[in-house]
>>> print(open('protein-v6.txt').read())   # compact mmCIF, C-alpha atoms and all ligand atoms
# COMPACT_ATOMS: atom_id res chain seq x y z
CA MET A 1 68.01 75.97 105.94
CA ASP A 2 66.22 75.18 102.71
CA PHE A 3 66.82 77.36 99.65
CA GLU A 4 64.53 75.34 97.41
CA PHE A 5 60.97 76.20 96.41
CA SER A 6 58.12 73.85 97.31
CA PRO A 7 56.63 71.49 94.69
CA GLU A 8 53.56 73.79 94.42
CA GLU A 9 55.77 76.83 93.87
CA ASN A 10 57.84 75.04 91.24
CA ALA A 11 54.66 73.91 89.49
CA PHE A 12 53.45 77.54 89.46
CA ARG A 13 56.76 78.67 87.97
CA GLU A 14 56.52 76.10 85.19
CA GLU A 15 52.92 77.00 84.44
CA VAL A 16 53.73 80.72 84.33
CA ALA A 17 56.86 80.15 82.22
CA GLU A 18 54.84 78.20 79.67
CA PHE A 19 52.14 80.88 79.54
CA ILE A 20 54.71 83.65 79.09
CA ARG A 21 56.52 81.70 76.35
CA GLU A 22 53.28 81.43 74.38
CA GLU A 23 51.78 84.87 74.99
CA GLY A 24 55.14 86.66 74.95
CA ALA A 25 55.88 85.30 71.47
CA LYS A 26 53.01 87.29 69.97
CA PRO A 27 54.15 90.14 67.68
CA GLY A 28 55.07 93.38 69.44
CA VAL A 29 55.14 92.00 72.99
CA LEU A 30 58.92 91.66 73.32
CA ASN A 31 60.96 94.77 72.58
CA PRO A 32 64.34 93.53 71.27
CA ASP A 33 65.92 96.97 71.80
CA VAL A 34 65.40 96.99 75.53
CA PHE A 35 67.30 95.32 78.32
CA PHE A 36 65.92 95.29 81.88
CA SER A 37 62.29 95.60 82.84
CA ARG A 38 60.85 98.68 81.14
CA PRO A 39 57.27 99.85 81.50
CA VAL A 40 54.52 98.70 79.19
CA ASP A 41 54.17 101.18 76.33
CA THR A 42 52.59 99.47 73.30
CA PRO A 43 49.12 98.01 72.73
CA ALA A 44 50.62 94.50 72.31
CA ARG A 45 52.42 94.70 75.67
CA ARG A 46 49.39 96.17 77.42
CA GLU A 47 47.34 93.27 76.08
CA PHE A 48 49.98 90.80 77.26
CA ILE A 49 49.89 92.17 80.82
CA LYS A 50 46.09 92.06 80.79
CA ALA A 51 46.29 88.41 79.69
CA LEU A 52 48.42 87.76 82.80
CA GLY A 53 45.64 89.41 84.82
CA ARG A 54 42.94 87.23 83.26
CA LYS A 55 44.94 84.15 84.28
CA GLY A 56 44.99 85.43 87.87
CA TYR A 57 48.77 85.96 87.91
CA LEU A 58 48.55 89.68 88.77
CA GLY A 59 48.06 90.38 92.44
CA VAL A 60 48.63 86.71 93.17
CA SER A 61 49.83 87.69 96.66
CA TRP A 62 47.14 90.33 97.26
CA PRO A 63 44.62 89.35 99.96
CA ALA A 64 41.48 87.65 98.63
CA GLU A 65 39.34 90.52 99.98
CA TYR A 66 40.95 92.77 97.34
CA GLY A 67 40.47 90.23 94.58
CA GLY A 68 43.98 88.81 94.90
CA GLY A 69 45.15 85.22 94.94
CA GLY A 70 45.88 85.25 98.69
CA ARG A 71 49.18 83.42 98.15
CA SER A 72 52.61 84.25 99.57
CA GLY A 73 54.99 86.82 98.07
CA VAL A 74 57.02 83.91 96.66
CA TYR A 75 54.48 83.67 93.84
CA ASP A 76 54.98 87.34 92.86
CA TYR A 77 58.70 86.69 92.94
CA LEU A 78 58.38 83.67 90.63
CA LEU A 79 56.24 85.63 88.16
CA ALA A 80 58.71 88.56 88.16
CA GLU A 81 61.60 86.13 87.64
CA GLU A 82 60.01 84.48 84.63
CA LEU A 83 59.06 87.77 83.01
CA ALA A 84 62.59 89.13 83.41
CA TYR A 85 64.23 85.90 82.32
CA GLN A 86 62.13 85.90 79.17
CA ARG A 87 63.08 89.57 78.66
CA LEU A 88 59.59 90.96 79.09
CA SER A 89 58.31 94.05 80.91
CA GLY A 90 57.49 93.62 84.57
CA THR A 91 53.96 93.91 85.90
CA GLY A 92 54.24 97.66 86.40
CA LYS A 93 54.16 100.01 89.34
CA GLY A 94 50.45 99.54 90.05
CA ILE A 95 50.51 95.96 91.36
CA GLY A 96 53.73 96.07 93.35
CA ILE A 97 53.91 99.65 94.63
CA ILE A 98 50.76 101.74 94.30
CA GLY A 99 48.23 98.96 94.98
CA ARG A 100 50.05 98.05 98.19
CA THR A 101 50.11 101.68 99.30
CA PHE A 102 46.34 101.91 98.76
CA MET A 103 45.81 98.71 100.75
CA LEU A 104 47.81 100.08 103.69
CA ARG A 105 46.80 103.76 103.59
CA GLY A 106 43.77 104.23 101.33
CA THR A 107 40.18 104.89 102.41
CA GLU A 108 37.56 102.19 101.76
CA GLU A 109 36.26 104.28 98.83
CA GLN A 110 39.74 104.58 97.32
CA LYS A 111 40.34 100.85 97.65
CA ALA A 112 37.00 100.07 95.98
CA ARG A 113 37.72 102.53 93.18
CA PHE A 114 41.39 101.85 92.40
CA LEU A 115 42.30 98.30 93.46
CA PRO A 116 40.18 96.50 90.81
CA LEU A 117 41.59 98.80 88.08
CA ILE A 118 45.14 98.14 89.29
CA ARG A 119 44.70 94.39 89.64
CA ASN A 120 43.37 94.13 86.08
CA GLU A 121 46.09 96.50 84.79
CA GLU A 122 43.46 98.75 83.28
CA ILE A 123 45.51 101.82 84.09
CA GLU A 124 49.18 102.69 83.67
CA TRP A 125 50.85 104.79 86.33
CA ALA A 126 53.71 107.28 86.52
CA ILE A 127 55.39 107.96 89.85
CA GLY A 128 56.34 111.57 90.62
CA TYR A 129 58.77 111.86 93.51
CA SER A 130 61.98 113.38 92.02
CA GLU A 131 62.33 117.08 91.27
CA PRO A 132 65.23 119.22 89.99
CA ASP A 133 66.42 119.83 93.58
CA ALA A 134 65.06 116.70 95.21
CA GLY A 135 66.41 113.30 94.18
CA SER A 136 68.47 111.55 96.84
CA ASP A 137 67.28 114.15 99.33
CA LEU A 138 63.65 113.55 98.47
CA ALA A 139 62.33 115.28 101.57
CA SER A 140 63.45 118.59 100.00
CA LEU A 141 60.74 118.37 97.35
CA ARG A 142 58.98 121.69 96.70
CA LEU A 143 56.03 120.95 94.43
CA ARG A 144 53.35 122.86 96.31
CA ALA A 145 49.85 121.63 97.15
CA THR A 146 47.56 124.38 98.46
CA LYS A 147 44.13 123.73 99.94
CA ASP A 148 41.41 125.10 97.65
CA GLY A 149 37.76 124.46 98.61
CA ASP A 150 37.26 120.72 98.97
CA GLY A 151 40.39 119.90 96.97
CA TRP A 152 43.98 120.99 96.33
CA ARG A 153 45.88 123.06 93.74
CA LEU A 154 49.27 121.71 92.61
CA ASN A 155 52.09 123.92 91.29
CA GLY A 156 55.68 122.91 90.51
CA GLN A 157 57.84 120.47 88.57
CA LYS A 158 58.74 116.78 88.61
CA ARG A 159 61.75 115.22 86.88
CA PHE A 160 62.71 111.68 85.76
CA THR A 161 59.02 110.82 85.58
CA THR A 162 59.24 107.52 83.72
CA SER A 163 56.10 106.49 81.79
CA ALA A 164 54.45 109.93 82.16
CA HIS A 165 54.04 110.20 78.38
CA PHE A 166 51.71 107.20 78.22
CA ALA A 167 50.47 106.84 81.81
CA ASP A 168 46.79 107.32 82.64
CA TRP A 169 47.30 108.26 86.30
CA PHE A 170 49.93 110.03 88.34
CA PHE A 171 50.99 108.97 91.87
CA LEU A 172 52.86 111.93 93.24
CA ALA A 173 54.30 113.59 96.31
CA ALA A 174 53.69 117.26 97.06
CA ARG A 175 54.45 119.62 99.93
CA THR A 176 51.28 120.53 101.81
CA ASN A 177 53.01 122.27 104.70
CA PHE A 178 56.12 124.50 104.45
CA ASP A 179 56.12 125.41 108.16
CA VAL A 180 57.15 122.06 109.67
CA PRO A 181 60.41 120.03 109.40
CA LYS A 182 60.78 118.96 105.77
CA HIS A 183 60.03 115.25 106.37
CA LYS A 184 56.69 116.13 107.94
CA GLY A 185 55.09 118.41 105.34
CA VAL A 186 54.81 115.97 102.42
CA SER A 187 51.57 114.33 101.22
CA LEU A 188 50.74 111.75 98.55
CA PHE A 189 48.12 112.29 95.84
CA VAL A 190 46.78 110.48 92.80
CA LEU A 191 45.48 112.40 89.79
CA GLU A 192 44.62 111.82 86.17
CA MET A 193 47.50 112.50 83.82
CA SER A 194 45.07 114.28 81.48
CA SER A 195 44.22 116.89 84.17
CA PRO A 196 44.29 120.47 82.79
CA GLY A 197 47.58 122.25 83.62
CA ILE A 198 49.92 119.24 83.17
CA THR A 199 52.69 119.56 80.55
CA ILE A 200 55.06 116.65 79.80
CA SER A 201 58.47 117.05 78.08
CA PRO A 202 60.85 114.24 77.13
CA MET A 203 64.22 113.64 78.87
CA MET A 204 66.36 111.11 77.01
CA CYS A 205 68.48 108.65 79.00
CA MET A 206 71.91 107.31 78.00
CA ASP A 207 70.34 103.97 77.01
CA GLY A 208 68.36 105.87 74.35
CA LYS A 209 65.05 105.48 76.22
CA ARG A 210 62.74 108.19 77.36
CA THR A 211 61.88 109.54 80.77
CA ASN A 212 60.16 112.91 81.35
CA GLU A 213 59.90 116.25 83.03
CA VAL A 214 56.38 117.08 84.17
CA PHE A 215 55.21 120.64 84.86
CA LEU A 216 52.09 121.27 86.96
CA ASP A 217 50.45 124.66 86.61
CA ASN A 218 47.50 125.20 88.96
CA VAL A 219 46.36 121.59 88.60
CA TRP A 220 43.19 120.74 90.53
CA VAL A 221 43.00 117.52 92.60
CA PRO A 222 39.75 116.54 94.33
CA GLY A 223 40.02 116.16 98.12
CA ASP A 224 39.27 112.42 98.00
CA GLN A 225 42.46 111.80 96.00
CA ILE A 226 44.93 112.46 98.81
CA ILE A 227 46.30 109.19 100.23
CA GLY A 228 46.37 108.67 103.98
CA ASP A 229 46.99 111.53 106.40
CA PRO A 230 48.27 114.89 105.10
CA GLY A 231 51.92 115.36 106.10
CA GLN A 232 52.64 111.62 106.38
CA GLY A 233 53.56 111.16 102.72
CA PHE A 234 57.29 110.83 103.31
CA ALA A 235 56.83 107.79 105.57
CA TYR A 236 54.49 106.21 103.00
CA ILE A 237 57.01 106.83 100.20
CA SER A 238 59.85 105.24 102.19
CA GLN A 239 57.80 102.10 102.54
CA ALA A 240 56.74 102.16 98.86
CA LEU A 241 60.42 102.51 97.85
CA ASP A 242 61.17 99.24 99.65
CA PHE A 243 58.49 97.55 97.53
CA GLU A 244 60.09 99.14 94.46
CA ARG A 245 63.67 98.06 95.13
CA SER A 246 62.68 94.46 95.61
CA THR A 247 60.01 94.19 92.87
CA LEU A 248 61.60 96.20 90.06
CA PHE A 249 64.96 94.40 90.14
CA PRO A 250 64.26 90.71 89.44
CA PHE A 251 67.08 88.18 89.43
CA GLY A 252 66.01 86.96 85.96
CA THR A 253 67.67 90.07 84.47
CA PRO A 254 71.30 89.37 85.52
CA GLN A 255 70.72 85.66 84.97
CA LEU A 256 69.74 86.25 81.34
CA ALA A 257 72.59 88.70 80.75
CA THR A 258 75.07 86.15 82.14
CA GLU A 259 73.71 83.49 79.81
CA TRP A 260 74.33 85.82 76.85
CA PHE A 261 77.92 86.19 78.02
CA LEU A 262 78.32 82.40 78.42
CA GLU A 263 76.94 81.91 74.92
CA TRP A 264 79.78 84.08 73.60
CA VAL A 265 82.28 82.15 75.76
CA ARG A 266 81.11 78.88 74.20
CA SER A 267 81.05 80.04 70.58
CA GLY A 268 83.13 83.24 70.29
CA THR A 269 86.82 83.85 69.73
CA ARG A 270 89.49 85.89 71.53
CA ASN A 271 92.89 86.68 69.99
CA GLY A 272 92.12 84.22 67.19
CA LYS A 273 91.39 81.28 69.51
CA PRO A 274 88.16 79.86 70.98
CA ALA A 275 87.18 82.13 73.89
CA ARG A 276 86.43 79.11 76.09
CA GLU A 277 90.14 78.15 76.03
CA ASP A 278 91.37 81.60 77.08
CA ARG A 279 92.69 81.83 80.67
CA GLU A 280 91.34 85.32 81.28
CA VAL A 281 87.91 84.29 80.03
CA ILE A 282 87.91 81.22 82.29
CA ARG A 283 88.92 83.33 85.30
CA ALA A 284 86.18 85.88 84.51
CA VAL A 285 83.54 83.14 84.23
CA GLY A 286 84.48 81.85 87.67
CA ARG A 287 84.41 85.30 89.25
CA LEU A 288 81.11 86.29 87.63
CA SER A 289 79.49 82.99 88.67
CA ILE A 290 80.28 83.72 92.31
CA MET A 291 78.96 87.28 92.02
CA LEU A 292 75.78 86.09 90.30
CA GLU A 293 75.14 83.54 93.05
CA ASN A 294 75.58 86.36 95.54
CA VAL A 295 72.86 88.35 93.73
CA ARG A 296 70.54 85.32 93.79
CA LEU A 297 71.07 84.74 97.52
CA PHE A 298 70.44 88.39 98.39
CA ASN A 299 67.23 88.24 96.38
CA LEU A 300 66.11 85.21 98.41
CA ARG A 301 67.14 87.02 101.59
CA VAL A 302 64.79 89.90 100.73
CA LEU A 303 62.06 87.35 100.06
CA ALA A 304 62.64 85.80 103.49
CA THR A 305 62.55 89.06 105.49
CA GLN A 306 60.12 89.06 108.40
CA THR A 307 59.95 92.71 109.43
CA ALA A 308 59.72 96.09 107.66
CA ALA A 309 63.04 97.18 109.20
CA GLU A 310 64.79 94.08 107.84
CA ALA A 311 63.15 94.59 104.45
CA THR A 312 64.54 98.14 104.21
CA VAL A 313 68.11 97.06 104.88
CA TYR A 314 68.12 93.86 102.79
CA SER A 315 66.35 95.59 99.88
CA ALA A 316 69.13 98.20 99.95
CA MET A 317 71.82 95.48 99.94
CA TYR A 318 70.06 93.60 97.15
CA LYS A 319 69.67 96.72 95.02
CA ILE A 320 73.41 97.34 95.25
CA VAL A 321 74.56 93.81 94.40
CA HIS A 322 71.99 93.49 91.60
CA SER A 323 72.65 96.79 89.84
CA GLU A 324 76.44 96.80 90.38
CA TYR A 325 76.70 93.25 89.01
CA HIS A 326 75.60 94.64 85.62
CA HIS A 327 78.46 97.16 85.66
CA GLU A 328 80.94 94.37 86.35
CA LEU A 329 79.48 91.94 83.81
CA ALA A 330 79.35 94.56 81.05
CA ASP A 331 82.89 95.83 81.78
CA VAL A 332 84.29 92.28 81.72
CA ALA A 333 82.39 91.34 78.55
CA LEU A 334 83.34 94.51 76.66
CA ASP A 335 86.96 94.10 77.71
CA LEU A 336 87.26 90.42 76.76
CA MET A 337 85.35 90.70 73.51
CA GLY A 338 87.74 93.37 72.21
CA PRO A 339 87.14 96.68 70.42
CA GLY A 340 84.23 95.35 68.30
CA SER A 341 82.20 94.94 71.46
CA TRP A 342 81.70 98.72 71.62
CA LEU A 343 79.71 98.61 68.39
CA ALA A 344 76.07 99.43 68.95
CA HIS A 345 73.44 96.87 69.81
CA HIS A 346 72.30 94.97 66.65
CA ASP A 347 75.39 96.05 64.66
CA LYS A 348 76.18 93.10 62.39
CA ASP A 349 79.91 93.22 63.28
CA ALA A 350 79.42 93.38 67.04
CA PRO A 351 80.08 90.23 69.09
CA ALA A 352 77.02 88.99 71.00
CA ASP A 353 74.88 91.32 68.83
CA GLY A 354 76.35 94.31 70.72
CA VAL A 355 74.11 93.57 73.66
CA PHE A 356 76.82 94.41 76.23
CA ASP A 357 77.11 97.97 74.95
CA MET A 358 73.41 98.36 75.78
CA ILE A 359 73.81 96.65 79.16
CA ARG A 360 76.77 98.92 79.98
CA ARG A 361 74.66 102.02 79.42
CA THR A 362 71.57 100.63 81.13
CA ALA A 363 73.66 99.62 84.18
CA VAL A 364 74.37 103.29 84.93
CA LEU A 365 70.64 103.96 85.14
CA MET A 366 70.14 100.90 87.32
CA THR A 367 72.56 102.13 89.98
CA VAL A 368 70.81 105.54 90.07
CA GLY A 369 67.06 104.85 89.59
CA ALA A 370 65.00 103.97 92.71
CA GLY A 371 67.78 105.46 94.88
CA SER A 372 71.50 105.53 94.05
CA SER A 373 74.06 103.04 95.38
CA GLU A 374 75.47 105.72 97.70
CA ILE A 375 72.05 106.23 99.25
CA GLN A 376 71.61 102.45 99.64
CA ARG A 377 74.95 102.33 101.47
CA ASN A 378 73.80 105.14 103.75
CA ILE A 379 70.63 103.16 104.53
CA ILE A 380 72.67 100.06 105.41
CA ALA A 381 75.02 102.09 107.63
CA ARG A 382 72.30 103.99 109.46
CA ARG A 383 69.31 101.67 109.62
CA GLY A 384 71.20 98.37 109.51
CA LEU A 385 74.24 99.19 111.65
CA GLY A 386 72.87 102.08 113.69
CA LEU A 387 75.62 104.50 112.64
CA PRO A 388 74.94 108.25 112.88
CA ASN A 389 73.67 110.33 109.96
CA PRO A 390 76.77 112.13 108.59
CA ILE A 391 74.73 115.11 107.30
C1 LIG A 401 66.20 105.63 84.52
C2 LIG A 401 65.65 106.38 85.67
C3 LIG A 401 64.29 106.34 85.93
C4 LIG A 401 63.75 107.04 87.00
N1 LIG A 401 62.39 107.03 87.19
C5 LIG A 401 61.86 107.80 88.16
C6 LIG A 401 60.43 107.88 88.30
O1 LIG A 401 59.68 107.25 87.56
N2 LIG A 401 59.94 108.70 89.26
C7 LIG A 401 60.74 109.42 90.10
O2 LIG A 401 60.22 110.12 90.94
N3 LIG A 401 62.10 109.37 89.98
C8 LIG A 401 62.66 108.58 89.03
N4 LIG A 401 64.04 108.55 88.88
C9 LIG A 401 64.86 109.44 89.70
C10 LIG A 401 65.78 108.76 90.69
O3 LIG A 401 65.08 108.27 91.79
C11 LIG A 401 66.86 109.81 91.04
O4 LIG A 401 67.63 110.01 89.88
C12 LIG A 401 67.76 109.33 92.16
O5 LIG A 401 67.06 109.26 93.36
C13 LIG A 401 68.99 110.25 92.33
O6 LIG A 401 68.57 111.60 92.42
P1 LIG A 401 69.28 112.73 91.49
O7 LIG A 401 69.29 112.23 90.09
O8 LIG A 401 68.57 114.01 91.76
O9 LIG A 401 70.77 112.78 91.96
P2 LIG A 401 71.33 113.55 93.24
O10 LIG A 401 70.45 113.29 94.41
O11 LIG A 401 71.57 114.97 92.88
O12 LIG A 401 72.70 112.81 93.49
C14 LIG A 401 73.86 113.09 92.70
C15 LIG A 401 74.99 112.18 93.19
O13 LIG A 401 75.30 112.50 94.56
C16 LIG A 401 75.21 111.33 95.36
N5 LIG A 401 74.64 111.67 96.68
C17 LIG A 401 73.56 112.47 96.91
N6 LIG A 401 73.32 112.54 98.23
C18 LIG A 401 74.25 111.79 98.85
C19 LIG A 401 74.51 111.46 100.21
N7 LIG A 401 73.75 111.92 101.21
N8 LIG A 401 75.55 110.64 100.50
C20 LIG A 401 76.33 110.14 99.50
N9 LIG A 401 76.14 110.43 98.18
C21 LIG A 401 75.11 111.23 97.86
C22 LIG A 401 74.26 110.40 94.63
O14 LIG A 401 74.48 109.04 94.95
C23 LIG A 401 74.63 110.69 93.18
O15 LIG A 401 75.77 109.95 92.82
C24 LIG A 401 64.60 107.80 87.85
C25 LIG A 401 65.98 107.84 87.59
C26 LIG A 401 66.50 107.14 86.53
C27 LIG A 401 67.97 107.21 86.27
>>> encode(input="protein-v6.txt", output="structure tokens", more="lines below")
Ligand SMILES: Cc1cc2nc3c(=O)[nH]c(=O)nc-3n(C[C@H](O)[C@H](O)[C@H](O)COP(=O)(O)OP(=O)(O)OC[C@H]3O[C@@H](n4cnc5c(N)ncnc54)[C@H](O)[C@@H]3O)c2cc1C
Amino acid sequence: MDFEFSPEENAFREEVAEFIREEGAKPGVLNPDVFFSRPVDTPARREFIKALGRKGYLGVSWPAEYGGGGRSGVYDYLLAEELAYQRLSGTGKGIGIIGRTFMLRGTEEQKARFLPLIRNEEIEWAIGYSEPDAGSDLASLRLRATKDGDGWRLNGQKRFTTSAHFADWFFLAARTNFDVPKHKGVSLFVLEMSSPGITISPMMCMDGKRTNEVFLDNVWVPGDQIIGDPGQGFAYISQALDFERSTLFPFGTPQLATEWFLEWVRSGTRNGKPAREDREVIRAVGRLSIMLENVRLFNLRVLATQTAAEATVYSAMYKIVHSEYHHELADVALDLMGPGSWLAHHDKDAPADGVFDMIRRTAVLMTVGAGSSEIQRNIIARRGLGLPNPI
């Protein structure tokens, strides 16, 4: 069993790391107020992502017939790792989630229209699955799509629609049939965010960042913007969520956060003495190192999955260990650093620049977004271990 990357893969990582160091240092690319991959939302960051595209780093694992690099998923992984480790936004939902859904389910016309735009990051996307009464139980979604001539009319509400306030296009799930079991009546659509009838309102998260509510009032979608077969949307979403759990949670994020903690251990103080000499600090460093290695190994396990069924279960396990590690790290850091650690990020009196206060709050969102930890545990129990559905 070999856990190492090949010489070619390591060379790619070094090349990408160097490129990101240079381009990422340009003004406005890095947002020092944000921890964890957040979507691109400024001209400087959009330009940075496009620069990655011009280098051929976006869609590096897409098949050559769609303009991709035709390389293995390891290369996407290495790019995601470097971006996260250097604290920069990930490559967005288009490359990892929506582009792959088009490749698997789209018509030839849709692929020709959307894949080049996605690969070059010319459009930003928002994903609209969640609704006020449909989060974990996504199949209960009620946003209604009604056939109207050669298109559809959409009416209803989405919630937690991250990026909607600057996205160009919307990738959303709607109910096209209310007369069949709930998993069977859902369809996937894409539509322009500027379509008449769309209203977007902010929802602020506990990390101080914005997500949105989106209201759709008689919004028209042309018939050629439904993806795949009507009524099959729930199966497509389940597959797209597997892409999301493994691409939106890179290992570089906990690795970087742990390095910030170790920096404090090396240079900070606890009870008037160097932190590095404190027994509790030493014990915590040992425990966190084991947990971090566990996160890394699960990430590699996802990378090594061979089948879709395996990917679903290991992505669920990885999402749990990754997101819950941040709870543990932040709790330990805030506890050991003392009361000053609760001062806000960038407060001049806060140890470690108050970064663990921000991580603590972001960690809560990490264990909920893209499916909560409880739902991941249900997936492991049912799909991994074959246990019955308790509901
Ligand atoms: C920062 C952030 C960004 C997000 N971005 C998007 C986005 O861009 N697009 C989008 O569509 N959605 C997005 N979401 C929504 C996210 O997917 C949902 O919040 C998540 O699926 C949980 O749904 P809910 O909030 O409705 O909670 P609920 O489903 O109401 O769950 C409430 C609690 O009950 C628990 N629970 C529910 N059902 C079960 C069960 N069967 N067994 C055990 N426990 C259960 C849950 O784990 C949770 O603790 C985002 C969420 C966050 C926090």
>>> atom_distance(input="protein-v6.txt", atom1="atom CA of A:Ala126", atom2="atom CA of A:Ala51")
21.4 Å
>>> residues_near_ligand(input="protein-v6.txt", ligand="ligand LIG 401 (chain A)", cutoff="7 Å", atoms="all atoms listed in the file", output="VMD selection string")
chain A and resid 126 to 137 159 to 163 205 211 365 to 366 368 to 375 378 391
>>> atom_distance(input="protein-v6.txt", atom1="atom CA of A:Val16", atom2="atom CA of A:Lys93")
19.9 Å
>>> residues_around(input="protein-v6.txt", residues="stretch 317-333 of chain A", least_positions_apart="3", cutoff="6 Å", atoms="all atoms listed in the file", output="VMD selection string")
chain A and resid 295 298 314 336 to 337 356 360 363 366 to 367 373
>>> residues_around(input="protein-v6.txt", residues="stretch 18-30 of chain A", least_positions_apart="6", cutoff="12 Å", atoms="all atoms listed in the file", output="VMD selection string")
chain A and resid 11 to 12 36 to 57 79 to 90
>>> write_last_selection(input="protein-v6.txt", atoms="C-alpha atoms", output="PDB file, in the frame of the given file")
ATOM      1  CA  ALA A  11      54.660  73.910  89.490  1.00  0.00           C
ATOM      2  CA  PHE A  12      53.450  77.540  89.460  1.00  0.00           C
ATOM      3  CA  PHE A  36      65.920  95.290  81.880  1.00  0.00           C
ATOM      4  CA  SER A  37      62.290  95.600  82.840  1.00  0.00           C
ATOM      5  CA  ARG A  38      60.850  98.680  81.140  1.00  0.00           C
ATOM      6  CA  PRO A  39      57.270  99.850  81.500  1.00  0.00           C
ATOM      7  CA  VAL A  40      54.520  98.700  79.190  1.00  0.00           C
ATOM      8  CA  ASP A  41      54.170 101.180  76.330  1.00  0.00           C
ATOM      9  CA  THR A  42      52.590  99.470  73.300  1.00  0.00           C
ATOM     10  CA  PRO A  43      49.120  98.010  72.730  1.00  0.00           C
ATOM     11  CA  ALA A  44      50.620  94.500  72.310  1.00  0.00           C
ATOM     12  CA  ARG A  45      52.420  94.700  75.670  1.00  0.00           C
ATOM     13  CA  ARG A  46      49.390  96.170  77.420  1.00  0.00           C
ATOM     14  CA  GLU A  47      47.340  93.270  76.080  1.00  0.00           C
ATOM     15  CA  PHE A  48      49.980  90.800  77.260  1.00  0.00           C
ATOM     16  CA  ILE A  49      49.890  92.170  80.820  1.00  0.00           C
ATOM     17  CA  LYS A  50      46.090  92.060  80.790  1.00  0.00           C
ATOM     18  CA  ALA A  51      46.290  88.410  79.690  1.00  0.00           C
ATOM     19  CA  LEU A  52      48.420  87.760  82.800  1.00  0.00           C
ATOM     20  CA  GLY A  53      45.640  89.410  84.820  1.00  0.00           C
ATOM     21  CA  ARG A  54      42.940  87.230  83.260  1.00  0.00           C
ATOM     22  CA  LYS A  55      44.940  84.150  84.280  1.00  0.00           C
ATOM     23  CA  GLY A  56      44.990  85.430  87.870  1.00  0.00           C
ATOM     24  CA  TYR A  57      48.770  85.960  87.910  1.00  0.00           C
ATOM     25  CA  LEU A  79      56.240  85.630  88.160  1.00  0.00           C
ATOM     26  CA  ALA A  80      58.710  88.560  88.160  1.00  0.00           C
ATOM     27  CA  GLU A  81      61.600  86.130  87.640  1.00  0.00           C
ATOM     28  CA  GLU A  82      60.010  84.480  84.630  1.00  0.00           C
ATOM     29  CA  LEU A  83      59.060  87.770  83.010  1.00  0.00           C
ATOM     30  CA  ALA A  84      62.590  89.130  83.410  1.00  0.00           C
ATOM     31  CA  TYR A  85      64.230  85.900  82.320  1.00  0.00           C
ATOM     32  CA  GLN A  86      62.130  85.900  79.170  1.00  0.00           C
ATOM     33  CA  ARG A  87      63.080  89.570  78.660  1.00  0.00           C
ATOM     34  CA  LEU A  88      59.590  90.960  79.090  1.00  0.00           C
ATOM     35  CA  SER A  89      58.310  94.050  80.910  1.00  0.00           C
ATOM     36  CA  GLY A  90      57.490  93.620  84.570  1.00  0.00           C
TER      37      GLY A  90
END
>>> residues_around(input="protein-v6.txt", residues="A:Gly384", least_positions_apart="5", cutoff="9 Å", atoms="only C-alpha atoms", output="list of chain:residue names")
A:Ala309, A:Glu310, A:Thr312, A:Val313, A:Tyr314, A:Ile379
>>> axis_aligned_box(input="protein-v6.txt", around="stretch 124-134 of chain A", padding_each_side="8 Å", output="JSON")
{"center_x": 57.8, "center_y": 111.3, "center_z": 89.4, "size_x": 33.2, "size_y": 33.1, "size_z": 27.5}
>>> residues_around(input="protein-v6.txt", residues="A:Val60", least_positions_apart="6", cutoff="12 Å", atoms="only C-alpha atoms", output="count of residues only")
25
>>> atom_distance(input="protein-v6.txt", atom1="atom CA of A:Glu213", atom2="atom CA of A:Ala164")
8.4 Å
>>> residues_around(input="protein-v6.txt", residues="A:Phe215", least_positions_apart="6", cutoff="9 Å", atoms="only C-alpha atoms", output="PDB file with C-alpha atoms, keeping the file's coordinate frame")
ATOM      1  CA  ASN A 155      52.090 123.920  91.290  1.00  0.00           C
ATOM      2  CA  GLY A 156      55.680 122.910  90.510  1.00  0.00           C
ATOM      3  CA  GLN A 157      57.840 120.470  88.570  1.00  0.00           C
ATOM      4  CA  LYS A 158      58.740 116.780  88.610  1.00  0.00           C
ATOM      5  CA  ARG A 159      61.750 115.220  86.880  1.00  0.00           C
ATOM      6  CA  GLY A 197      47.580 122.250  83.620  1.00  0.00           C
ATOM      7  CA  ILE A 198      49.920 119.240  83.170  1.00  0.00           C
ATOM      8  CA  THR A 199      52.690 119.560  80.550  1.00  0.00           C
ATOM      9  CA  ILE A 200      55.060 116.650  79.800  1.00  0.00           C
ATOM     10  CA  SER A 201      58.470 117.050  78.080  1.00  0.00           C
TER      11      SER A 201
END
>>> closest_residue(input="protein-v6.txt", among="A:Gly338, A:Pro202, A:Val265, A:Arg113", to="A:Arg283", atoms="only C-alpha atoms")
A:Val265
